[in-house]
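Novice: Input structure: start-v2.pdb, which contains PDB, C-alpha atoms.
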```pdb
ATOM      1  CA  MET A 276     100.413  60.371  63.809
ATOM      2  CA  ILE A 277     102.027  59.888  60.392
ATOM      3  CA  GLU A 278     105.504  60.233  61.940
ATOM      4  CA  LEU A 279     104.687  57.542  64.527
ATOM      5  CA  ASP A 280     103.284  55.271  61.802
ATOM      6  CA  ILE A 281     106.504  55.600  59.773
ATOM      7  CA  ALA A 282     108.738  55.221  62.854
ATOM      8  CA  LEU A 283     106.994  51.986  63.889
ATOM      9  CA  LEU A 284     107.129  50.694  60.320
ATOM     10  CA  LYS A 285     110.873  51.361  60.099
ATOM     11  CA  ALA A 286     111.501  49.808  63.539
ATOM     12  CA  VAL A 287     109.727  46.547  62.651
ATOM     13  CA  ASN A 288     110.978  46.461  59.053
ATOM     14  CA  GLY A 289     114.519  47.112  60.285
ATOM     15  CA  LEU A 290     114.630  43.947  62.404
ATOM     16  CA  SER A 291     116.200  42.138  59.488
ATOM     17  CA  VAL A 292     118.317  39.212  60.700
ATOM     18  CA  TYR A 293     119.368  36.018  58.950
ATOM     19  CA  GLY A 294     116.391  33.749  58.300
ATOM     20  CA  LEU A 295     113.743  36.230  59.396
ATOM     21  CA  ASP A 296     112.844  37.207  55.812
ATOM     22  CA  LYS A 297     111.886  33.655  54.883
ATOM     23  CA  ALA A 298     110.072  33.162  58.192
ATOM     24  CA  MET A 299     107.999  36.321  57.680
ATOM     25  CA  LEU A 300     107.122  35.376  54.110
ATOM     26  CA  PHE A 301     106.104  31.927  55.372
ATOM     27  CA  LEU A 302     104.012  33.344  58.236
ATOM     28  CA  SER A 303     102.343  35.759  55.829
ATOM     29  CA  GLY A 304     101.168  32.913  53.591
ATOM     30  CA  THR A 305      97.625  31.569  53.761
ATOM     31  CA  LEU A 306      98.653  27.942  53.304
ATOM     32  CA  THR A 307     100.816  28.181  56.420
ATOM     33  CA  TRP A 308      97.733  28.399  58.569
ATOM     34  CA  THR A 309      95.678  25.661  56.847
ATOM     35  CA  PRO A 310      96.112  23.151  59.720
ATOM     36  CA  LEU A 311      94.850  25.779  62.176
ATOM     37  CA  PHE A 312      91.868  26.540  59.950
ATOM     38  CA  ALA A 313      91.068  22.817  59.640
ATOM     39  CA  TYR A 314      91.221  22.441  63.434
ATOM     40  CA  ILE A 315      88.871  25.405  63.866
ATOM     41  CA  ILE A 316      86.373  23.805  61.473
ATOM     42  CA  TRP A 317      86.567  20.555  63.411
ATOM     43  CA  GLN A 318      86.101  22.348  66.752
ATOM     44  CA  LEU A 319      83.117  24.359  65.522
ATOM     45  CA  ILE A 320      81.370  21.188  64.360
ATOM     46  CA  ALA A 321      82.369  19.188  67.461
ATOM     47  CA  THR A 322      81.205  21.966  69.788
ATOM     48  CA  HIS A 323      77.966  22.982  68.099
ATOM     49  CA  GLY A 324      76.915  19.680  66.532
ATOM     50  CA  LYS A 325      76.743  18.880  62.846
ATOM     51  CA  LYS A 326      73.857  21.190  61.870
ATOM     52  CA  PHE A 327      74.878  24.308  63.823
ATOM     53  CA  GLY A 328      78.572  23.534  63.387
ATOM     54  CA  ILE A 329      78.148  23.730  59.615
ATOM     55  CA  TYR A 330      76.305  27.043  60.048
ATOM     56  CA  ALA A 331      79.183  28.265  62.230
ATOM     57  CA  VAL A 332      81.760  27.243  59.609
ATOM     58  CA  LEU A 333      79.783  28.914  56.828
ATOM     59  CA  LEU A 334      79.284  32.132  58.789
ATOM     60  CA  ALA A 335      82.920  32.248  59.937
ATOM     61  CA  SER A 336      83.947  31.764  56.295
ATOM     62  CA  LEU A 337      81.553  34.501  55.189
ATOM     63  CA  SER A 338      82.963  36.873  57.807
ATOM     64  CA  VAL A 339      86.454  36.309  56.402
ATOM     65  CA  GLY A 340      85.321  36.433  52.761
ATOM     66  CA  ILE A 341      83.338  39.637  53.142
ATOM     67  CA  SER A 342      86.104  41.164  55.235
ATOM     68  CA  ASP A 343      88.559  40.363  52.440
ATOM     69  CA  SER A 344      86.268  41.698  49.709
ATOM     70  CA  VAL A 345      85.545  44.962  51.499
ATOM     71  CA  SER A 346      89.266  45.519  52.052
ATOM     72  CA  SER A 347      90.443  44.502  48.584
ATOM     73  CA  ARG A 348      87.568  45.648  46.407
ATOM     74  CA  VAL A 349      86.182  48.653  48.260
ATOM     75  CA  PHE A 350      88.741  50.299  50.533
ATOM     76  CA  LYS A 351      92.010  49.762  48.667
ATOM     77  CA  PRO A 352      90.775  51.025  45.277
ATOM     78  CA  THR A 353      88.768  53.861  46.885
ATOM     79  CA  VAL A 354      91.313  55.141  49.415
ATOM     80  CA  GLN A 355      94.305  54.396  47.143
ATOM     81  CA  ARG A 356      96.869  54.704  49.946
ATOM     82  CA  PRO A 357     100.118  53.293  48.566
ATOM     83  CA  ARG A 358     101.832  50.542  50.515
ATOM     84  CA  PRO A 359     105.101  51.598  52.180
ATOM     85  CA  SER A 360     106.882  49.569  49.500
ATOM     86  CA  HIS A 361     105.201  51.770  46.864
ATOM     87  CA  THR A 362     105.563  55.083  48.717
ATOM     88  CA  GLU A 363     108.084  57.244  46.932
ATOM     89  CA  LYS A 364     109.606  58.733  50.106
ATOM     90  CA  LEU A 365     109.996  55.359  51.824
ATOM     91  CA  GLN A 366     110.545  52.656  49.222
ATOM     92  CA  ASP A 367     114.321  53.151  49.065
ATOM     93  CA  GLU A 368     114.669  53.187  52.873
ATOM     94  CA  LEU A 369     112.994  49.825  53.520
ATOM     95  CA  HIS A 370     114.345  46.304  53.648
ATOM     96  CA  TYR A 371     112.615  43.821  51.329
ATOM     97  CA  ALA A 372     112.499  40.052  51.559
ATOM     98  CA  LYS A 373     113.168  38.103  48.378
ATOM     99  CA  ASP A 374     110.292  36.035  47.026
ATOM    100  CA  ASN A 375     110.760  32.549  45.524
ATOM    101  CA  ASN A 376     111.844  34.106  42.218
ATOM    102  CA  GLY A 377     114.533  36.238  43.863
ATOM    103  CA  ASN A 378     112.562  39.468  43.431
ATOM    104  CA  ASP A 379     111.874  41.977  46.199
ATOM    105  CA  TYR A 380     108.490  41.198  47.756
ATOM    106  CA  ARG A 381     106.517  44.446  47.663
ATOM    107  CA  GLY A 382     102.847  43.432  47.530
ATOM    108  CA  GLY A 383     100.223  45.156  45.423
ATOM    109  CA  GLU A 384     100.042  48.890  44.876
ATOM    110  CA  TYR A 385      97.586  49.855  47.648
ATOM    111  CA  GLY A 386      97.588  48.760  51.273
ATOM    112  CA  PHE A 387      94.839  50.478  53.263
ATOM    113  CA  TYR A 388      93.629  48.502  55.012
ATOM    114  CA  SER A 389      95.386  45.164  55.523
ATOM    115  CA  SER A 390      93.358  42.214  54.255
ATOM    116  CA  HIS A 391      95.577  39.801  56.192
ATOM    117  CA  ALA A 392      94.912  41.636  59.463
ATOM    118  CA  SER A 393      91.219  42.030  58.700
ATOM    119  CA  ASN A 394      90.692  38.409  57.719
ATOM    120  CA  PHE A 395      92.492  37.056  60.764
ATOM    121  CA  ALA A 396      90.623  39.475  63.045
ATOM    122  CA  ALA A 397      87.265  38.419  61.581
ATOM    123  CA  LEU A 398      88.042  34.763  62.188
ATOM    124  CA  THR A 399      89.527  35.408  65.614
ATOM    125  CA  ILE A 400      86.556  37.381  66.935
ATOM    126  CA  PHE A 401      84.098  34.844  65.530
ATOM    127  CA  VAL A 402      86.004  31.951  67.143
ATOM    128  CA  LEU A 403      86.491  33.777  70.461
ATOM    129  CA  LEU A 404      82.733  34.167  70.698
ATOM    130  CA  ALA A 405      81.659  30.839  69.164
ATOM    131  CA  LEU A 406      84.095  28.671  71.164
ATOM    132  CA  PRO A 407      84.114  30.310  74.597
ATOM    133  CA  ARG A 408      85.808  27.417  76.463
ATOM    134  CA  HIS A 409      88.590  26.629  73.994
ATOM    135  CA  TYR A 410      91.295  28.725  75.664
ATOM    136  CA  ARG A 411      94.318  27.129  73.973
ATOM    137  CA  LEU A 412      92.813  27.436  70.500
ATOM    138  CA  LYS A 413      91.839  31.041  71.143
ATOM    139  CA  THR A 414      95.338  31.831  72.428
ATOM    140  CA  ILE A 415      96.920  30.232  69.354
ATOM    141  CA  LEU A 416      94.563  32.145  67.054
ATOM    142  CA  ILE A 417      95.324  35.478  68.752
ATOM    143  CA  ILE A 418      99.054  34.777  68.438
ATOM    144  CA  ALA A 419      98.608  33.805  64.761
ATOM    145  CA  THR A 420      96.742  37.076  64.154
ATOM    146  CA  LEU A 421      99.522  39.097  65.802
ATOM    147  CA  ILE A 422     102.332  37.231  64.038
ATOM    148  CA  THR A 423     100.693  37.529  60.619
ATOM    149  CA  SER A 424     100.010  41.220  61.159
ATOM    150  CA  ILE A 425     103.564  41.929  62.306
ATOM    151  CA  SER A 426     104.894  40.004  59.310
ATOM    152  CA  ARG A 427     103.059  42.402  56.994
ATOM    153  CA  ILE A 428     104.777  45.389  58.629
ATOM    154  CA  TYR A 429     108.138  43.606  58.646
ATOM    155  CA  LEU A 430     107.802  42.883  54.924
ATOM    156  CA  GLY A 431     107.222  46.597  54.287
ATOM    157  CA  VAL A 432     103.818  46.112  52.695
ATOM    158  CA  HIS A 433     101.704  47.734  55.438
ATOM    159  CA  PHE A 434     101.865  50.676  57.772
ATOM    160  CA  PRO A 435     100.862  49.909  61.375
ATOM    161  CA  THR A 436      97.659  51.934  60.850
ATOM    162  CA  ASP A 437      96.745  49.614  57.955
ATOM    163  CA  ILE A 438      96.936  46.761  60.460
ATOM    164  CA  LEU A 439      94.924  48.582  63.147
ATOM    165  CA  MET A 440      92.158  49.421  60.687
ATOM    166  CA  GLY A 441      92.235  45.814  59.459
ATOM    167  CA  TRP A 442      91.792  44.546  63.015
ATOM    168  CA  PHE A 443      88.919  46.951  63.599
ATOM    169  CA  MET A 444      87.084  46.127  60.378
ATOM    170  CA  GLY A 445      87.709  42.389  60.630
ATOM    171  CA  GLY A 446      86.652  42.360  64.273
ATOM    172  CA  MET A 447      83.445  44.092  63.300
ATOM    173  CA  PHE A 448      82.689  41.507  60.595
ATOM    174  CA  GLY A 449      83.541  38.639  62.955
ATOM    175  CA  TYR A 450      81.209  40.071  65.594
ATOM    176  CA  VAL A 451      78.322  40.693  63.181
ATOM    177  CA  PHE A 452      78.528  37.183  61.742
ATOM    178  CA  TYR A 453      78.773  35.660  65.221
ATOM    179  CA  LYS A 454      75.602  37.555  66.190
ATOM    180  CA  LEU A 455      73.916  36.122  63.091
ATOM    181  CA  PHE A 456      75.076  32.653  64.164
ATOM    182  CA  SER A 457      73.670  33.235  67.667
ATOM    183  CA  PHE A 458      70.341  34.280  66.160
ATOM    184  CA  ILE A 459      70.208  31.175  63.943
ATOM    185  CA  LYS A 460      71.124  28.915  66.840
ATOM    186  CA  ARG A 461      68.287  30.235  69.047
TER     187      ARG A 461
END
```
Let me see the structure of the file written as structure tokens.

Specialist:
Amino acid sequence: MIELDIALLKAVNGLSVYGLDKAMLFLSGTLTWTPLFAYIIWQLIATHGKKFGIYAVLLASLSVGISDSVSSRVFKPTVQRPRPSHTEKLQDELHYAKDNNGNDYRGGEYGFYSSHASNFAALTIFVLLALPRHYRLKTILIIATLITSISRIYLGVHFPTDILMGWFMGGMFGYVFYKLFSFIKR
């Protein structure tokens, strides 16, 4: 499994072509997706009414916030799995995008599991369940989740298994908070 994880990482990270570094850094940024997040807030309120829409926004936000905290403050410091960019055997074999200061973008020290993947998965699952008829929005959100996750592998800051675990954990948080929303809405 470790060999497959490294092979997939190297395949995605090795796709380096002109302009892709900047695109992946951009797609990996939270501010990039702000218009999508604003539209989701608007749709939750428009679909569920002001009172329950605000509950939906709060619970979706909590699912993302708790997902992020569990990843960053529990798993990463406990598991202490180095990111590929901080793995001694791999760090010299990977391609790194340059950040705005001209430095190699390598992320923090630990990467298991991906907060980006987990946060997007939490939001995606919550929205898929809370907005069942909004097919275009759901499609866009699934694509955004995939693109952001792939960008993290491309940038060399996550193994594919970091992403898979992030999707699983985030999906779980999204589902639990949607169930709480359903209970409140009853």

Novice: Distance cut-off 12 Å, centre (81.0, 24.7, 66.8) in file coordinates, counting all atoms listed in the file: which residues qualify? Return them as a ChimeraX atom specification.

Specialist: /A:314-335,401-409,453,456-457,460

Novice: When you look at A:Leu311 with a cut-off of 12 Å (counting only C-alpha atoms), what residues show up, excluding the ones that are within fewer than 6 positions of it in the same chain? I need them as an MDAnalysis selection string.

Specialist: chainID A and resid 305 317:318 395 398:399 402 411:420

Novice: One number please: atom CA of A:Glu368 to atom CA of A:Ala396, in Å, one decimal.

Specialist: 29.5 Å

Novice: Pick out the closest residue to A:Ala372 from this set: A:Trp442, A:Phe434, A:Phe387, A:Tyr293. Count all atoms listed in the file.

Specialist: A:Tyr293

Novice: Residues near stretch 342-358 of chain A, anyone? I mean within 10 Å using only C-alpha atoms, not counting same-chain ones fewer than 4 positions away, as an mmCIF file with C-alpha atoms, in the coordinates of the input.

Specialist:
```cif
data_model
loop_
_atom_site.group_PDB
_atom_site.id
_atom_site.type_symbol
_atom_site.label_atom_id
_atom_site.label_comp_id
_atom_site.auth_asym_id
_atom_site.auth_seq_id
_atom_site.Cartn_x
_atom_site.Cartn_y
_atom_site.Cartn_z
ATOM 1 C CA SER A 336 83.947 31.764 56.295
ATOM 2 C CA LEU A 337 81.553 34.501 55.189
ATOM 3 C CA SER A 338 82.963 36.873 57.807
ATOM 4 C CA THR A 362 105.563 55.083 48.717
ATOM 5 C CA GLU A 363 108.084 57.244 46.932
ATOM 6 C CA LEU A 365 109.996 55.359 51.824
ATOM 7 C CA GLN A 366 110.545 52.656 49.222
ATOM 8 C CA ARG A 381 106.517 44.446 47.663
ATOM 9 C CA GLY A 382 102.847 43.432 47.530
ATOM 10 C CA GLY A 383 100.223 45.156 45.423
ATOM 11 C CA GLU A 384 100.042 48.890 44.876
ATOM 12 C CA TYR A 385 97.586 49.855 47.648
ATOM 13 C CA GLY A 386 97.588 48.760 51.273
ATOM 14 C CA PHE A 387 94.839 50.478 53.263
ATOM 15 C CA TYR A 388 93.629 48.502 55.012
ATOM 16 C CA SER A 389 95.386 45.164 55.523
ATOM 17 C CA SER A 390 93.358 42.214 54.255
ATOM 18 C CA HIS A 391 95.577 39.801 56.192
ATOM 19 C CA ALA A 392 94.912 41.636 59.463
ATOM 20 C CA SER A 393 91.219 42.030 58.700
ATOM 21 C CA ASN A 394 90.692 38.409 57.719
ATOM 22 C CA PHE A 395 92.492 37.056 60.764
ATOM 23 C CA ALA A 396 90.623 39.475 63.045
ATOM 24 C CA ALA A 397 87.265 38.419 61.581
ATOM 25 C CA LEU A 398 88.042 34.763 62.188
ATOM 26 C CA GLY A 431 107.222 46.597 54.287
ATOM 27 C CA VAL A 432 103.818 46.112 52.695
ATOM 28 C CA HIS A 433 101.704 47.734 55.438
ATOM 29 C CA PHE A 434 101.865 50.676 57.772
ATOM 30 C CA ASP A 437 96.745 49.614 57.955
ATOM 31 C CA MET A 440 92.158 49.421 60.687
ATOM 32 C CA GLY A 441 92.235 45.814 59.459
ATOM 33 C CA MET A 444 87.084 46.127 60.378
ATOM 34 C CA GLY A 445 87.709 42.389 60.630
ATOM 35 C CA GLY A 446 86.652 42.360 64.273
ATOM 36 C CA MET A 447 83.445 44.092 63.300
ATOM 37 C CA PHE A 448 82.689 41.507 60.595
ATOM 38 C CA GLY A 449 83.541 38.639 62.955
#
```

Novice: Mind giving me the straight-line distance from atom CA of A:Ser360 to atom CA of A:Glu278 in Å, one decimal?

Specialist: 16.4 Å

Novice: Identify, on the basis of all atoms listed in the file, every residue whose closest approach to A:Asp280 does not exceed 7 Å; exclude the query and any residue fewer than 4 positions from it along the same chain; express the result as a list in words.

Specialist: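 Residues near the query, excluding close chain neighbours: Met276, Leu284, Phe434, Pro435 and Thr436 of chain A.
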
Novice: With all atoms listed in the file as the atoms that count, which of A:Tyr429, A:Tyr380, A:Tyr410, A:Tyr450 lies nearest to A:Leu295?

Specialist: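 Going through A:Tyr429, A:Tyr380, A:Tyr410, A:Tyr450 one by one, the smallest distance to A:Leu295 is for A:Tyr429.
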
Novice: Could you jot down the atom CA of A:Lys454 to atom CA of A:Ile438 separation for me, Å, one decimal place?

Specialist: 23.9 Å

Novice: Restricting the calculation to only C-alpha atoms, which member of A:Ile400, A:Met299, A:Ile428, A:Leu306 is positioned closest to A:Phe443?

Specialist: A:Ile400

Novice: Can you translate the PyMOL selection byres ((chain A and resi 426) around 8) into the concrete residues it hits in this file, as a list in words?

Specialist: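 On this input, the PyMOL selection byres ((chain A and resi 426) around 8) captures Met299, Leu300, Leu302, Ser303, Ile422, Thr423, Ser424, Ile425, Arg427, Ile428, Tyr429 and Leu430 of chain A.
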
Novice: Give the centre and edge lengths of an axis-aligned box, in Å to one decimal, that holds all listed atoms of stretch 292-304 of chain A with 6 Å on each side, as lines of an AutoDock Vina configuration file.

Specialist:
```
center_x = 110.3
center_y = 35.6
center_z = 57.1
size_x = 30.2
size_y = 19.3
size_z = 19.1
```

Novice: Compare A:Val451, A:Leu439, A:Leu290, A:Ile277 by their minimum atom-to-atom distance to A:His370, counting all atoms listed in the file, and give me the closest one.

Specialist: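 Among the listed residues, A:Leu290 lies closest to A:His370.
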